[in-house]
$ cat start-v9.tsv   # TSV, C-alpha atoms and all ligand atoms
chain	number	residue	atom	x	y	z
A	1	MET	CA	-7.82	-14.27	-1.52
A	2	LYS	CA	-9.57	-11.36	0.17
A	3	LYS	CA	-8.63	-10.51	3.73
A	4	ILE	CA	-11.27	-11.46	6.28
A	5	LYS	CA	-11.57	-9.40	9.44
A	6	ILE	CA	-13.14	-10.53	12.69
A	7	SER	CA	-15.00	-8.04	14.85
A	8	PRO	CA	-15.83	-9.77	18.15
A	9	SER	CA	-18.97	-8.46	19.85
A	10	ILE	CA	-18.34	-7.62	23.48
A	11	LEU	CA	-22.02	-8.29	24.15
A	12	SER	CA	-20.94	-11.83	25.05
A	13	ALA	CA	-17.95	-10.73	27.14
A	14	ASP	CA	-17.80	-10.49	30.92
A	15	PHE	CA	-19.28	-7.02	31.49
A	16	SER	CA	-17.60	-6.70	34.88
A	17	GLN	CA	-14.21	-6.98	33.14
A	18	LEU	CA	-14.73	-5.20	29.84
A	19	GLY	CA	-11.33	-3.53	29.75
A	20	ASN	CA	-9.52	-6.82	30.30
A	21	GLU	CA	-11.80	-8.62	27.88
A	22	ILE	CA	-10.85	-6.13	25.17
A	23	LYS	CA	-7.15	-6.64	25.89
A	24	ARG	CA	-7.70	-10.39	25.71
A	25	LEU	CA	-9.42	-9.98	22.32
A	26	GLU	CA	-6.58	-7.85	21.00
A	27	LYS	CA	-4.01	-10.46	22.08
A	28	ALA	CA	-6.11	-13.19	20.50
A	29	GLY	CA	-5.97	-11.54	17.07
A	30	ALA	CA	-9.23	-9.58	16.84
A	31	ASP	CA	-9.16	-7.03	14.01
A	32	MET	CA	-11.78	-4.72	15.49
A	33	ILE	CA	-14.03	-4.54	18.55
A	34	HIS	CA	-17.78	-4.63	17.86
A	35	VAL	CA	-19.72	-2.58	20.39
A	36	ASP	CA	-23.48	-3.12	20.45
A	37	VAL	CA	-25.34	-0.08	21.70
A	38	MET	CA	-29.03	-0.66	22.51
A	39	ASP	CA	-31.61	1.73	23.88
A	40	GLY	CA	-34.57	-0.41	24.97
A	41	HIS	CA	-36.65	1.44	22.36
A	42	PHE	CA	-35.27	0.75	18.86
A	43	VAL	CA	-34.53	-2.77	20.13
A	44	PRO	CA	-35.92	-4.48	23.22
A	45	ASN	CA	-32.68	-4.52	25.17
A	46	LEU	CA	-30.34	-2.06	26.89
A	47	THR	CA	-26.55	-2.04	26.89
A	48	ILE	CA	-23.97	0.70	27.15
A	49	GLY	CA	-23.42	4.27	25.99
A	50	PRO	CA	-20.64	6.80	25.35
A	51	PRO	CA	-19.17	6.98	28.90
A	52	VAL	CA	-18.44	3.25	28.91
A	53	ILE	CA	-16.95	3.39	25.41
A	54	LYS	CA	-14.81	6.32	26.48
A	55	SER	CA	-13.51	4.42	29.48
A	56	LEU	CA	-12.69	1.41	27.28
A	57	ARG	CA	-10.81	3.48	24.73
A	58	LYS	CA	-7.57	3.40	26.74
A	59	TYR	CA	-7.40	-0.40	26.70
A	60	THR	CA	-6.69	-0.80	22.99
A	61	ASN	CA	-5.86	0.93	19.74
A	62	LEU	CA	-8.05	-1.48	17.81
A	63	ILE	CA	-10.88	-0.03	15.78
A	64	PHE	CA	-14.08	0.45	17.79
A	65	ASP	CA	-16.80	-0.76	15.44
A	66	VAL	CA	-19.83	0.81	17.09
A	67	HIS	CA	-23.25	-0.54	16.12
A	68	LEU	CA	-25.92	1.90	17.17
A	69	MET	CA	-29.33	0.34	17.73
A	70	ILE	CA	-30.85	3.53	19.07
A	71	SER	CA	-33.55	5.89	17.83
A	72	PRO	CA	-33.51	8.76	17.08
A	73	VAL	CA	-29.82	8.24	16.48
A	74	HIS	CA	-28.78	11.54	14.90
A	75	LYS	CA	-28.39	13.63	18.04
A	76	TYR	CA	-26.13	11.02	19.69
A	77	ILE	CA	-23.66	10.53	16.83
A	78	LYS	CA	-21.25	13.19	18.06
A	79	ASP	CA	-21.21	11.73	21.58
A	80	PHE	CA	-20.14	8.33	20.21
A	81	SER	CA	-17.54	9.96	18.01
A	82	ASP	CA	-16.13	11.90	20.98
A	83	ALA	CA	-16.11	8.72	23.08
A	84	GLY	CA	-13.71	7.10	20.62
A	85	ALA	CA	-15.76	5.21	18.07
A	86	ASN	CA	-13.94	4.66	14.75
A	87	VAL	CA	-16.75	3.13	12.73
A	88	ILE	CA	-20.26	4.37	13.48
A	89	THR	CA	-23.04	2.21	12.07
A	90	ILE	CA	-26.66	3.31	12.10
A	91	HIS	CA	-29.96	1.79	11.02
A	92	PRO	CA	-31.81	3.76	8.31
A	93	GLU	CA	-35.09	3.39	10.23
A	94	ALA	CA	-33.54	5.20	13.21
A	95	THR	CA	-32.95	8.56	11.55
A	96	GLU	CA	-35.14	11.09	9.79
A	97	ASN	CA	-32.54	11.84	7.16
A	98	LEU	CA	-30.08	9.05	6.43
A	99	LYS	CA	-27.86	11.14	4.18
A	100	GLU	CA	-27.55	13.87	6.80
A	101	SER	CA	-26.60	11.38	9.49
A	102	ILE	CA	-23.98	9.80	7.22
A	103	ASP	CA	-22.60	13.23	6.39
A	104	LEU	CA	-22.39	14.03	10.09
A	105	ILE	CA	-20.43	10.84	10.80
A	106	LYS	CA	-18.04	11.62	7.98
A	107	SER	CA	-17.64	15.24	9.02
A	108	LEU	CA	-16.38	13.90	12.36
A	109	ASP	CA	-13.74	11.93	10.45
A	110	LYS	CA	-15.27	8.57	11.27
A	111	LYS	CA	-16.16	5.68	9.02
A	112	ALA	CA	-19.87	5.52	8.28
A	113	GLY	CA	-21.80	2.26	8.30
A	114	VAL	CA	-25.43	1.51	7.56
A	115	SER	CA	-27.16	-1.62	8.84
A	116	LEU	CA	-29.89	-3.65	7.20
A	117	ASN	CA	-32.25	-5.64	9.40
A	118	PRO	CA	-33.23	-9.09	8.10
A	119	ASP	CA	-36.46	-7.61	6.66
A	120	SER	CA	-34.88	-4.45	5.26
A	121	LYS	CA	-34.21	-4.39	1.55
A	122	ILE	CA	-31.09	-3.07	-0.16
A	123	ASP	CA	-33.36	-0.48	-1.88
A	124	LEU	CA	-33.53	1.36	1.43
A	125	ILE	CA	-29.85	2.31	1.14
A	126	THR	CA	-29.08	2.18	-2.60
A	127	ASN	CA	-28.78	5.96	-2.84
A	128	VAL	CA	-26.15	6.14	-0.10
A	129	LEU	CA	-23.98	3.14	-1.04
A	130	LYS	CA	-21.48	5.44	-2.73
A	131	ASP	CA	-21.16	7.55	0.42
A	132	ILE	CA	-20.59	4.88	3.06
A	133	ASP	CA	-17.69	2.74	4.21
A	134	LEU	CA	-19.59	-0.28	5.39
A	135	VAL	CA	-22.88	-2.16	5.16
A	136	LEU	CA	-23.74	-4.21	8.22
A	137	VAL	CA	-26.05	-7.04	7.18
A	138	MET	CA	-28.03	-8.32	10.17
A	139	SER	CA	-28.46	-12.08	10.10
A	140	VAL	CA	-30.66	-12.00	13.21
A	141	TYR	CA	-33.18	-9.45	14.46
A	142	PRO	CA	-31.07	-7.00	16.45
A	143	GLY	CA	-31.41	-6.96	20.21
A	144	PHE	CA	-29.75	-10.04	21.60
A	145	GLY	CA	-26.69	-12.21	21.22
A	146	GLY	CA	-26.97	-15.95	20.86
A	147	GLN	CA	-29.71	-16.06	18.22
A	148	LYS	CA	-29.87	-18.40	15.24
A	149	PHE	CA	-28.37	-17.27	11.93
A	150	MET	CA	-31.00	-16.60	9.22
A	151	PRO	CA	-29.72	-18.23	5.99
A	152	GLU	CA	-32.07	-16.14	3.87
A	153	VAL	CA	-29.73	-13.15	4.25
A	154	ILE	CA	-27.09	-14.90	2.12
A	155	SER	CA	-28.78	-13.72	-1.08
A	156	LYS	CA	-28.78	-10.14	0.23
A	157	ILE	CA	-25.02	-10.37	0.76
A	158	GLU	CA	-24.60	-11.74	-2.77
A	159	ASN	CA	-26.67	-8.92	-4.20
A	160	LEU	CA	-24.69	-6.30	-2.30
A	161	GLN	CA	-21.47	-7.82	-3.60
A	162	LYS	CA	-22.86	-7.67	-7.17
A	163	ILE	CA	-23.78	-4.00	-6.80
A	164	LYS	CA	-20.36	-3.30	-5.31
A	165	GLU	CA	-18.63	-4.87	-8.31
A	166	ARG	CA	-20.99	-3.41	-10.88
A	167	ASP	CA	-20.60	0.16	-9.59
A	168	SER	CA	-16.94	-0.18	-8.47
A	169	LEU	CA	-17.80	0.75	-4.88
A	170	ASN	CA	-15.58	0.23	-1.88
A	171	PHE	CA	-17.80	-0.44	1.12
A	172	ASP	CA	-17.04	-3.35	3.43
A	173	ILE	CA	-19.70	-6.01	3.86
A	174	GLU	CA	-20.00	-6.99	7.50
A	175	VAL	CA	-22.38	-9.67	8.77
A	176	ASP	CA	-23.78	-9.72	12.29
A	177	GLY	CA	-25.73	-12.36	14.18
A	178	GLY	CA	-25.46	-16.09	14.75
A	179	ILE	CA	-22.14	-16.46	12.93
A	180	ASN	CA	-20.56	-19.85	13.66
A	181	PHE	CA	-18.00	-22.26	12.22
A	182	GLU	CA	-20.64	-23.77	9.92
A	183	ASN	CA	-22.02	-20.63	8.26
A	184	SER	CA	-18.90	-18.42	8.24
A	185	LYS	CA	-17.71	-19.90	4.97
A	186	ASN	CA	-21.04	-19.26	3.27
A	187	VAL	CA	-21.18	-15.60	4.25
A	188	ILE	CA	-17.58	-15.10	3.15
A	189	ASN	CA	-18.26	-16.79	-0.20
A	190	ALA	CA	-21.34	-14.60	-0.63
A	191	GLY	CA	-19.21	-11.46	-0.31
A	192	ALA	CA	-18.74	-10.60	3.37
A	193	ASN	CA	-15.27	-9.46	4.45
A	194	ILE	CA	-15.96	-8.65	8.13
A	195	LEU	CA	-17.62	-11.12	10.50
A	196	VAL	CA	-19.11	-10.06	13.83
A	197	SER	CA	-19.34	-12.78	16.44
A	198	GLY	CA	-20.15	-12.85	20.12
A	199	THR	CA	-21.31	-16.29	21.18
A	200	THR	CA	-19.01	-18.32	18.93
A	201	ILE	CA	-15.93	-16.38	19.97
A	202	PHE	CA	-16.59	-16.28	23.70
A	203	LYS	CA	-18.30	-19.62	24.25
A	204	SER	CA	-17.01	-22.17	21.72
A	205	ASN	CA	-14.06	-24.44	22.55
A	206	ASN	CA	-14.35	-23.57	26.24
A	207	GLY	CA	-13.83	-19.89	25.49
A	208	ASP	CA	-10.56	-20.30	23.57
A	209	ILE	CA	-11.00	-16.94	21.84
A	210	LYS	CA	-7.75	-17.16	19.90
A	211	LYS	CA	-8.67	-20.48	18.36
A	212	ASN	CA	-12.21	-19.28	17.68
A	213	ILE	CA	-11.06	-16.10	15.92
A	214	GLU	CA	-8.58	-18.08	13.80
A	215	THR	CA	-11.13	-20.74	12.92
A	216	LEU	CA	-13.73	-18.19	11.85
A	217	LYS	CA	-11.14	-16.56	9.59
A	218	ILE	CA	-9.81	-19.61	7.80
A	219	ASN	CA	-12.85	-21.83	7.87
B	301	LIG	C1	-27.38	-8.33	17.94
B	301	LIG	C2	-26.00	-7.75	17.90
B	301	LIG	C3	-24.91	-8.70	17.56
B	301	LIG	C4	-24.77	-9.87	18.47
B	301	LIG	C5	-23.87	-10.91	17.87
B	301	LIG	O1	-28.30	-7.30	18.11
B	301	LIG	O2	-25.96	-6.71	16.93
B	301	LIG	O3	-23.68	-8.00	17.42
B	301	LIG	O4	-24.29	-9.51	19.71
B	301	LIG	O5	-23.81	-11.94	18.78
B	301	LIG	P1	-23.93	-13.46	18.35
B	301	LIG	O6	-22.66	-13.77	17.62
B	301	LIG	O7	-24.04	-14.15	19.65
B	301	LIG	O8	-25.13	-13.63	17.49
B	302	ZN	ZN	-24.02	-5.76	16.37
$ encode --input "start-v9.tsv" --output "structure tokens"
Amino acid sequence: MKKIKISPSILSADFSQLGNEIKRLEKAGADMIHVDVMDGHFVPNLTIGPPVIKSLRKYTNLIFDVHLMISPVHKYIKDFSDAGANVITIHPEATENLKESIDLIKSLDKKAGVSLNPDSKIDLITNVLKDIDLVLVMSVYPGFGGQKFMPEVISKIENLQKIKERDSLNFDIEVDGGINFENSKNVINAGANILVSGTTIFKSNNGDIKKNIETLKIN
């Protein structure tokens, strides 16, 4: 059986206690910490930037899985790397030259991810699949936590998994948005090996994050 990793999104955490929330996630068995960065321009919401990530870095050694929903993204990549990001994921629509941005991330010794919005086709990133470490499949329109999972992305995950097998590629398939105890199994069966979750982890079962992380993994 493949190993499933859970990357809790701190978008649903208590923002006044982010350091402690991250420690709580680590204790509860989180594999990575998903950090949603929004600029009020690429997506209609604003969150946090490099200084906050830098200040959180000392709370854990877990991987910081940083999802950049900002445009133009290229000139900020180094700042997020310096702040302590381990995985840097960008949207192809947010950069003028996707290959150059991926190369920059890799030159900083970070893992490079590329994200596909619900409407974005795999074609958009086919030529870089061999260069990246991760594809982040959005199962909601990026911008907000707590949205409803879009089941139509399942076939995109299946197709990515097929390409991965056909071409013997190594990228992780991570799914982000509306993941819950009902759909987690379907995305895993389709090919995903990393699940992002904010609402389900922080709000289900009266906020029992340990139970929620475990249930998402084994469900
Ligand atoms: C949406 C973000 C997601 C989101 C996930 O733009 O990229 O990471 O916070 O949260 P839930 O699990 O609540 O959909
Ligand atoms: Zn995200």
$ residues_near_ligand --input "start-v9.tsv" --ligand "ligand LIG 301 (chain B)" --cutoff "9 Å" --atoms "all atoms listed in the file" --output "MDAnalysis selection string"
chainID A and resid 8:12 34:38 43 45 67:69 138:149 175:180 196:202
$ write_last_selection --input "start-v9.tsv" --atoms "C-alpha atoms" --output "JSON list (two decimals), in the frame of the given file"
[["chain", "number", "residue", "atom", "x", "y", "z"],
["A", 8, "PRO", "CA", -15.83, -9.77, 18.15],
["A", 9, "SER", "CA", -18.97, -8.46, 19.85],
["A", 10, "ILE", "CA", -18.34, -7.62, 23.48],
["A", 11, "LEU", "CA", -22.02, -8.29, 24.15],
["A", 12, "SER", "CA", -20.94, -11.83, 25.05],
["A", 34, "HIS", "CA", -17.78, -4.63, 17.86],
["A", 35, "VAL", "CA", -19.72, -2.58, 20.39],
["A", 36, "ASP", "CA", -23.48, -3.12, 20.45],
["A", 37, "VAL", "CA", -25.34, -0.08, 21.70],
["A", 38, "MET", "CA", -29.03, -0.66, 22.51],
["A", 43, "VAL", "CA", -34.53, -2.77, 20.13],
["A", 45, "ASN", "CA", -32.68, -4.52, 25.17],
["A", 67, "HIS", "CA", -23.25, -0.54, 16.12],
["A", 68, "LEU", "CA", -25.92, 1.90, 17.17],
["A", 69, "MET", "CA", -29.33, 0.34, 17.73],
["A", 138, "MET", "CA", -28.03, -8.32, 10.17],
["A", 139, "SER", "CA", -28.46, -12.08, 10.10],
["A", 140, "VAL", "CA", -30.66, -12.00, 13.21],
["A", 141, "TYR", "CA", -33.18, -9.45, 14.46],
["A", 142, "PRO", "CA", -31.07, -7.00, 16.45],
["A", 143, "GLY", "CA", -31.41, -6.96, 20.21],
["A", 144, "PHE", "CA", -29.75, -10.04, 21.60],
["A", 145, "GLY", "CA", -26.69, -12.21, 21.22],
["A", 146, "GLY", "CA", -26.97, -15.95, 20.86],
["A", 147, "GLN", "CA", -29.71, -16.06, 18.22],
["A", 148, "LYS", "CA", -29.87, -18.40, 15.24],
["A", 149, "PHE", "CA", -28.37, -17.27, 11.93],
["A", 175, "VAL", "CA", -22.38, -9.67, 8.77],
["A", 176, "ASP", "CA", -23.78, -9.72, 12.29],
["A", 177, "GLY", "CA", -25.73, -12.36, 14.18],
["A", 178, "GLY", "CA", -25.46, -16.09, 14.75],
["A", 179, "ILE", "CA", -22.14, -16.46, 12.93],
["A", 180, "ASN", "CA", -20.56, -19.85, 13.66],
["A", 196, "VAL", "CA", -19.11, -10.06, 13.83],
["A", 197, "SER", "CA", -19.34, -12.78, 16.44],
["A", 198, "GLY", "CA", -20.15, -12.85, 20.12],
["A", 199, "THR", "CA", -21.31, -16.29, 21.18],
["A", 200, "THR", "CA", -19.01, -18.32, 18.93],
["A", 201, "ILE", "CA", -15.93, -16.38, 19.97],
["A", 202, "PHE", "CA", -16.59, -16.28, 23.70]]
$ atom_distance --input "start-v9.tsv" --atom1 "CA of Ala30 (chain A)" --atom2 "CA of Glu165 (chain A)"
27.3 Å
$ residues_around --input "start-v9.tsv" --residues "Ala192 (chain A)" --least-positions-apart "4" --cutoff "9 Å" --atoms "only C-alpha atoms" --output "list in words"
Ile4, Val137, Ile157, Glu158, Gln161, Asp172, Ile173, Glu174, Val175, Asn186, Val187 and Ile188 of chain A
$ atom_distance --input "start-v9.tsv" --atom1 "CA of Ile88 (chain A)" --atom2 "CA of Ala112 (chain A)"
5.3 Å
$ closest_residue --input "start-v9.tsv" --among "A:Ile77, A:Ile132, A:Ile122, A:Ile70" --to "ligand ZN 302 (chain B)" --atoms "all atoms listed in the file"
A:Ile70
$ closest_residue --input "start-v9.tsv" --among "A:Asn219, A:Asn170, A:Ser107, A:Ser115" --to "ligand ZN 302 (chain B)" --atoms "all atoms listed in the file"
A:Ser115
$ closest_residue --input "start-v9.tsv" --among "A:Lys210, A:Lys99, A:His91, A:Lys110" --to "ligand ZN 302 (chain B)" --atoms "all atoms listed in the file"
A:His91
$ closest_residue --input "start-v9.tsv" --among "A:Asp131, A:Asp82, A:Glu21, A:Asp103" --to "Gly49 (chain A)" --atoms "all atoms listed in the file"
A:Asp82
$ residues_around --input "start-v9.tsv" --residues "Asp79 (chain A)" --least-positions-apart "6" --cutoff "10 Å" --atoms "only C-alpha atoms" --output "ChimeraX atom specification"
/A:49-51,54,85
$ write_last_selection --input "start-v9.tsv" --atoms "C-alpha atoms" --output "PDB file, keeping the file's coordinate frame"
ATOM      1  CA  GLY A  49     -23.420   4.270  25.990  1.00  0.00           C
ATOM      2  CA  PRO A  50     -20.640   6.800  25.350  1.00  0.00           C
ATOM      3  CA  PRO A  51     -19.170   6.980  28.900  1.00  0.00           C
ATOM      4  CA  LYS A  54     -14.810   6.320  26.480  1.00  0.00           C
ATOM      5  CA  ALA A  85     -15.760   5.210  18.070  1.00  0.00           C
TER       6      ALA A  85
END
$ atom_distance --input "start-v9.tsv" --atom1 "CA of Ser101 (chain A)" --atom2 "CA of Leu116 (chain A)"
15.6 Å
$ residues_near_point --input "start-v9.tsv" --point "(-39.4, 10.1, 13.9)" --cutoff "9 Å" --atoms "all atoms listed in the file" --output "ChimeraX atom specification"
/A:71-72,93-96
$ write_last_selection --input "start-v9.tsv" --atoms "C-alpha atoms" --output "compact mmCIF listing (two decimals), in the coordinates of the input"
# COMPACT_ATOMS: atom_id res chain seq x y z
CA SER A 71 -33.55 5.89 17.83
CA PRO A 72 -33.51 8.76 17.08
CA GLU A 93 -35.09 3.39 10.23
CA ALA A 94 -33.54 5.20 13.21
CA THR A 95 -32.95 8.56 11.55
CA GLU A 96 -35.14 11.09 9.79
